[in-house]
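K.L.:
Take a look at this one; I'll ask things after.
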Amino acid sequence: MSTVPAERTDGSAPVLSMRGVSKHFGAVAALTDIDLDVYAGEVVALVGDNGAGKSTLVKILSGVHPQSAGTINFDGRDVSINSPVDALHLGIATVFQDLALCDNLTVVDNLFLGRELGPFRLDEVEMEVQAWKLLRQLSAKIPSVRIAVASLSGGQRQTVAIARSLLGSPKLIILDEPTAALGVAQTAEVLNLVERLRENGLAVIMISHNMQDVQAVSDRVAVLRLGRNNGTFRMKDVSTDDLIAAITGATDNVVTQRAAQTGAAGAGGKPGVPPGASGTADPATTEEGTVQ
Amino acid sequence: MTTNPTSEAVPVATDLQDERLIRTEGFKGALKVGANRVRSGDLGVLPIIVGLLVIWTIFQLLNPFFLSSANLVNLLLESAAVGVISLGIVCVLLVGEIDLSVGSVSGLSAAIVGVTFVKQDWPIALAILAAIAVAAVIGLVYSFVYNKFGVPSFVITLAGLLGFLGLQLWVLGVEGTINLAFDSFIVWFGQQAFVPVWLSYVLAALGVAGFLLSQLSLARKRVKAGLSGRPMSMVLAQTVILAVILFFAVWYLNRARGVGWMFVFFAALVLIMHYAFTRTKWGRSVYAVGGNREAARRAGIGVTGIYTSIFVLCSSFAAIGGILAAGRLAAAAQSSGTGDVNLNAIAAAVIGGTSLFGGRGSAFSALLGILVIQSISSGLTLLNLESSFRYMITGLVLLLAVILDAVSRKSRTSHGRA
């Protein structure tokens with residue numbers, strides 16, 4: 001298990017640097033001493049089991065809950081993010097797992113919610129034109145932007161949510177399970193989109209349970225386990241086995257034992273299929289059933 | 001070659017390019033869209049127009065005086081005061097809250113105007129401002145309790161209903177009734193102020209022209225930006241319908257005393273609030289908070305600020321309505337704002353199509369709803385029925401409106417319109 005240091009070869013400072021961040025809900029410590037660095041033009045995947053604290057971390061960064069302890073350094077300054085407005089002003093845009101869209105409003109209304117053009121005389125035409133431009137950029141399949149979001153499918157709603165996060169020209173985009181509700185083509189679109197965000201020099205934090213997606217686009221993977229850091233890996237140096245082990249906290253359990261066995265059995269395993277995927281003994285592993 | 005070369009040269013508007021979109025063009029297409037919308041539970045103002053026609057027909061058959069110019073002039077004047085209060089109720093309903101104390105607040109403001117203007121000899125403008133300021137403070141207190149402690153608005157304003165009724169009685173003192181002088185401004189405004197005939201036609205013409213110009217400029221702007229504009233025939237048809245209704249109404253009312261300034265004032269408030277709800281960032285935020293409060297918060301909307309502005313607006317409208325009612329009655333009494341004022345204001349907003357569930361409705365529902373309520377009230381009065389029947393029938397209509405709201409909400413959900 002090789003934890004890579006946060007420093008970068010070109011010596012640039014990270015866009016986001018969290019140190020010792022903790023969050024308590026009453027007696028429950030959801031996060032303890034979390035360190036995380038994200039650089040511009042980099043996709044960091046945040047992985048971990050259910051209850052590992054991924055969503056709590058996202059909520060801290062997006063200003064939904066302030067952290068209980070620790071410091072957040074954004075763009076070279078120590079910041080306190082006490083509200084969603086603070087996060088938006090800093091340039092942190094979040095696409096929440098529950099999408100946080102207003103069902104009673106139209107697509108355009110939702111896209112520009114909170115940053116409408118022309119506060120005292122809404123420029124509906126310009127907003128609609130920009131909305132179409134944005135949605136076309138994302139190759140979104142939305143039939144009309146003047147229909148209520150309630151009438152869109154899950155994938156379309158996801159696209160609207162992602163498109164909205166791009167409108168404020170943020171520095172850091174957080175995607176909470178962006179592909180969970182999507183079809184094959186839309187997943188590919190979202191992954192393309194994530195790569196495009198990286199090319200544009202944005203920092204991206206992507207939460208996913210889907211190891212395939214994580215491997216496809218991320219540069220580094222940060223693993224959380226039971227609210228603590230459990231290693232940060234460079235994508236190109238790490239195998240799925242190591243990741244699974246870090247996620248489940250198991251370097252010595254029934255899964256790894258089985259992995260060792262199948263590894264010893266040699267050529268019997270199908271190429272490219274990590275042994276962990278076939279393990280059924282550990283429920284934590286089967287939850288990562290998307291590993292292929 | 002059978003294809004027409006010109007049809008290919010016409011670029012498809014940006015918003016109509018999706019191949020799955022059912023193309024509806026021209027006048028017929030627009031009608032079809034409207035019919036589909038109604039079928040899927042997005043009823044708009046249709047039920048209320050139908051309801052109003054039914055009510056008017058029934059009362060006209062029972063008493064031929066009902067639809068006479070003289071009675072309609074009165075009906076409009078009577079609607080203005082409670083209509084303004086109802087406009088405040090529309091505000092709170094849009095964010096999914098309620099204010100049960102509007103009656104008491106309107107009575108309190110009438111009492112304040114009575115005491116300061118008659119007893120203390122304040123200038124009338126100052127007395128009115130003081131009453132509205134007190135109401136605004138009441139709204140601030142409500143929003144403080146709501147935002148700070150998270151008490152449901154239902155309970156806060158129920159407390160306010162009692163508390164401010166008490167305050168109203170205390171302000172009025174032992175006499176209980178303060179008569180306002182007949183030559184004072186508010187009594188004149190409530191009873192005698194009518195728009196001159198020529199001006200009423202000018203106002204109607206301005207309304208029609210304003211509608212036409214805004215629709216045309218919007219259509220031109222959309223086409224220029226590469227979007228689809230509304231079909232010209234539809235715009236013209238709507239303009240003609242609006243013109244016929246407005247000019248006929250003005251002509252008909254002018255056969256009696258004419259259009260009351262108080263009603264014009266109410267209509268102007270409705271138009272202003274309609275603009276605020278639909279064309280400003282604030283209005284968009286109000287609908288967002290009513291639709292999904294957490295989503296609105298995460299989009300960076302200051303949710304507490306929206307609630308504060310809404311509660312203050314609602315109480316202020318209640319105060320304005322109370323002052324208008326005092327002017328109409330030429331007195332501030334212990335009974336001001338009591339009885340059915342509260343329920344009528346809430347019923348008007350709901351009957352007009354503003355949802356009790358938040359995030360859906362419009363300023364016009366106050367206008368349309370109060371017309372229904374006042375028509376029933378006026379019709380039953382003409383039939384010499386006691387107020388007991390008026391209460392029962394108004395209650396029944398309110399129940400029907402709420403059922404319609406709930407049913408159309410269900411239908412919208414199943415048709416994916418929420």
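Residue numbering restarts at 1 for every chain of the structure tokens, chains are lettered A, B, ... in their displayed order, and ligands are numbered from 1 as they appear.
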Counting only C-alpha atoms, which residues of chain A come no farther than 8 Å from chain B, as number ranges by chain?

P.N.:
A: 64, 83-85, 88, 100-105, 109, 113-114, 116, 118-122, 125-126, 129, 132, 141-145, 148-152

K.L.:
Could you check which of A:Ala245, A:Ala13, A:Ile147, A:Ala222 is closest to A:Ile34, using only C-alpha atoms?

P.N.:
A:Ala222

K.L.:
Could you pull the residues within 9 Å of A:Leu175, counting only C-alpha atoms, minus those fewer than 5 positions along the same chain, as number ranges by chain?

P.N.:
A: 58, 93-97, 162, 204-208

K.L.:
Which neighbours of A:Ser22 fall inside 9 Å, counting only C-alpha atoms, when residues of the same chain fewer than 4 positions from it are skipped, and could you give them as a list of chain:residue names?

P.N.:
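The residues satisfying every condition are A:Ala29, A:Ala30, A:Leu31, A:Thr32, A:Asp33, A:Ile34, A:Gln67, A:Ser68, A:Ala69, A:Gly70, A:Gly227.
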
K.L.:
Write the selection just made, keeping all heavy atoms, as a short mmCIF file (atom, residue, chain, number, x, y, z; two decimals), in the first residue's frame?

P.N.:
```cif
data_model
loop_
_atom_site.label_atom_id
_atom_site.label_comp_id
_atom_site.auth_asym_id
_atom_site.auth_seq_id
_atom_site.Cartn_x
_atom_site.Cartn_y
_atom_site.Cartn_z
N ALA A 29 -18.61 10.38 15.22
CA ALA A 29 -17.56 11.04 14.47
C ALA A 29 -17.65 10.59 13.02
O ALA A 29 -17.22 9.49 12.68
CB ALA A 29 -16.20 10.70 15.07
N ALA A 30 -18.24 11.42 12.17
CA ALA A 30 -18.41 11.03 10.77
C ALA A 30 -17.08 11.13 10.03
O ALA A 30 -16.79 10.32 9.16
CB ALA A 30 -19.45 11.92 10.11
N LEU A 31 -16.27 12.12 10.38
CA LEU A 31 -14.96 12.29 9.76
C LEU A 31 -13.94 12.58 10.86
O LEU A 31 -14.23 13.33 11.79
CB LEU A 31 -14.96 13.46 8.78
CG LEU A 31 -15.72 13.30 7.46
CD1 LEU A 31 -15.67 14.60 6.69
CD2 LEU A 31 -15.12 12.16 6.65
N THR A 32 -12.76 11.99 10.76
CA THR A 32 -11.71 12.24 11.75
C THR A 32 -10.39 12.50 11.03
O THR A 32 -9.95 11.67 10.24
CB THR A 32 -11.54 11.01 12.67
OG1 THR A 32 -12.83 10.58 13.09
CG2 THR A 32 -10.70 11.34 13.87
N ASP A 33 -9.83 13.68 11.26
CA ASP A 33 -8.49 14.00 10.77
C ASP A 33 -8.29 13.73 9.29
O ASP A 33 -7.36 13.01 8.91
CB ASP A 33 -7.46 13.18 11.56
CG ASP A 33 -7.03 13.94 12.80
OD1 ASP A 33 -7.26 15.16 12.84
OD2 ASP A 33 -6.48 13.30 13.71
N ILE A 34 -9.13 14.28 8.48
CA ILE A 34 -9.01 14.03 7.04
C ILE A 34 -8.03 15.02 6.43
O ILE A 34 -8.12 16.23 6.66
CB ILE A 34 -10.38 14.18 6.35
CG1 ILE A 34 -11.36 13.13 6.87
CG2 ILE A 34 -10.24 14.08 4.84
CD1 ILE A 34 -11.01 11.73 6.51
N GLN A 67 -17.31 22.25 9.10
CA GLN A 67 -16.56 21.20 9.79
C GLN A 67 -16.46 21.50 11.28
O GLN A 67 -16.56 22.65 11.69
CB GLN A 67 -15.17 21.04 9.18
CG GLN A 67 -14.16 22.10 9.59
CD GLN A 67 -14.07 23.23 8.57
OE1 GLN A 67 -15.04 23.57 7.92
NE2 GLN A 67 -12.88 23.82 8.45
N SER A 68 -16.25 20.44 12.09
CA SER A 68 -16.11 20.63 13.53
C SER A 68 -14.69 21.06 13.88
O SER A 68 -14.47 21.79 14.83
CB SER A 68 -16.43 19.34 14.29
OG SER A 68 -17.62 18.78 13.84
N ALA A 69 -13.70 20.58 13.12
CA ALA A 69 -12.32 20.92 13.41
C ALA A 69 -11.51 20.81 12.13
O ALA A 69 -11.95 20.19 11.17
CB ALA A 69 -11.75 19.98 14.48
N GLY A 70 -10.31 21.41 12.13
CA GLY A 70 -9.44 21.30 10.98
C GLY A 70 -9.48 22.54 10.11
O GLY A 70 -10.30 23.43 10.32
N GLY A 227 -14.54 7.08 8.13
CA GLY A 227 -14.30 8.47 8.47
C GLY A 227 -12.84 8.87 8.57
O GLY A 227 -12.52 9.94 9.06
#
```

K.L.:
What does the distance between atom CA of B:Asp99 and atom CA of B:Gln334 come to in Å, to one decimal place?

P.N.:
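Calculated distance between atom CA of B:Asp99 and atom CA of B:Gln334 is 20.7 Å.
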
K.L.:
Determine, counting only C-alpha atoms, which protein, DNA and RNA residues have an atom within 9 Å of an atom of A:Val217; residues of the same chain fewer than 5 positions away are not included. Present the result as a CSV table (one decimal) with N, CA and C atoms, in the first residue's frame.

P.N.:
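Result written to around-v9.csv:
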```csv
chain,number,residue,atom,x,y,z
A,43,VAL,N,-8.1,15.1,-11.6
A,43,VAL,CA,-9.3,14.5,-11.2
A,43,VAL,C,-9.0,13.5,-10.0
A,44,VAL,N,-9.5,13.8,-8.8
A,44,VAL,CA,-9.3,13.0,-7.7
A,44,VAL,C,-10.6,12.2,-7.4
A,45,ALA,N,-10.4,10.9,-7.4
A,45,ALA,CA,-11.6,10.1,-7.1
A,45,ALA,C,-11.6,9.9,-5.6
A,191,LEU,N,-18.3,10.9,-18.3
A,191,LEU,CA,-16.8,10.6,-18.2
A,191,LEU,C,-16.1,11.5,-19.2
A,192,ASN,N,-16.6,11.6,-20.4
A,192,ASN,CA,-16.0,12.6,-21.4
A,192,ASN,C,-15.9,14.0,-20.8
A,194,VAL,N,-16.0,14.9,-17.7
A,194,VAL,CA,-15.1,15.0,-16.6
A,194,VAL,C,-13.7,15.2,-17.2
A,195,GLU,N,-13.3,14.5,-18.2
A,195,GLU,CA,-12.0,14.7,-18.8
A,195,GLU,C,-11.9,16.1,-19.4
A,212,GLN,N,-14.7,1.0,-12.4
A,212,GLN,CA,-14.5,1.2,-13.8
A,212,GLN,C,-14.4,2.7,-14.1
```

K.L.:
Enumerate the residues of stretch 32-206 of chain A with a DSSP assignment of strand (DSSP E or B), computed from the backbone, and present them as JSON, numbers by chain.

P.N.:
{"A": [32, 33, 34, 35, 36, 37, 38, 42, 43, 44, 45, 46, 47, 48, 69, 70, 71, 72, 73, 74, 77, 78, 79, 92, 93, 94, 95, 106, 148, 172, 173, 174, 175, 176, 203, 204, 205, 206]}

K.L.:
Please indicate the distance in Å from atom CA of A:Pro14 to atom CA of A:Thr159, rounded to one decimal place.

P.N.:
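So the two atoms, atom CA of A:Pro14 and atom CA of A:Thr159, lie 27.9 Å apart.
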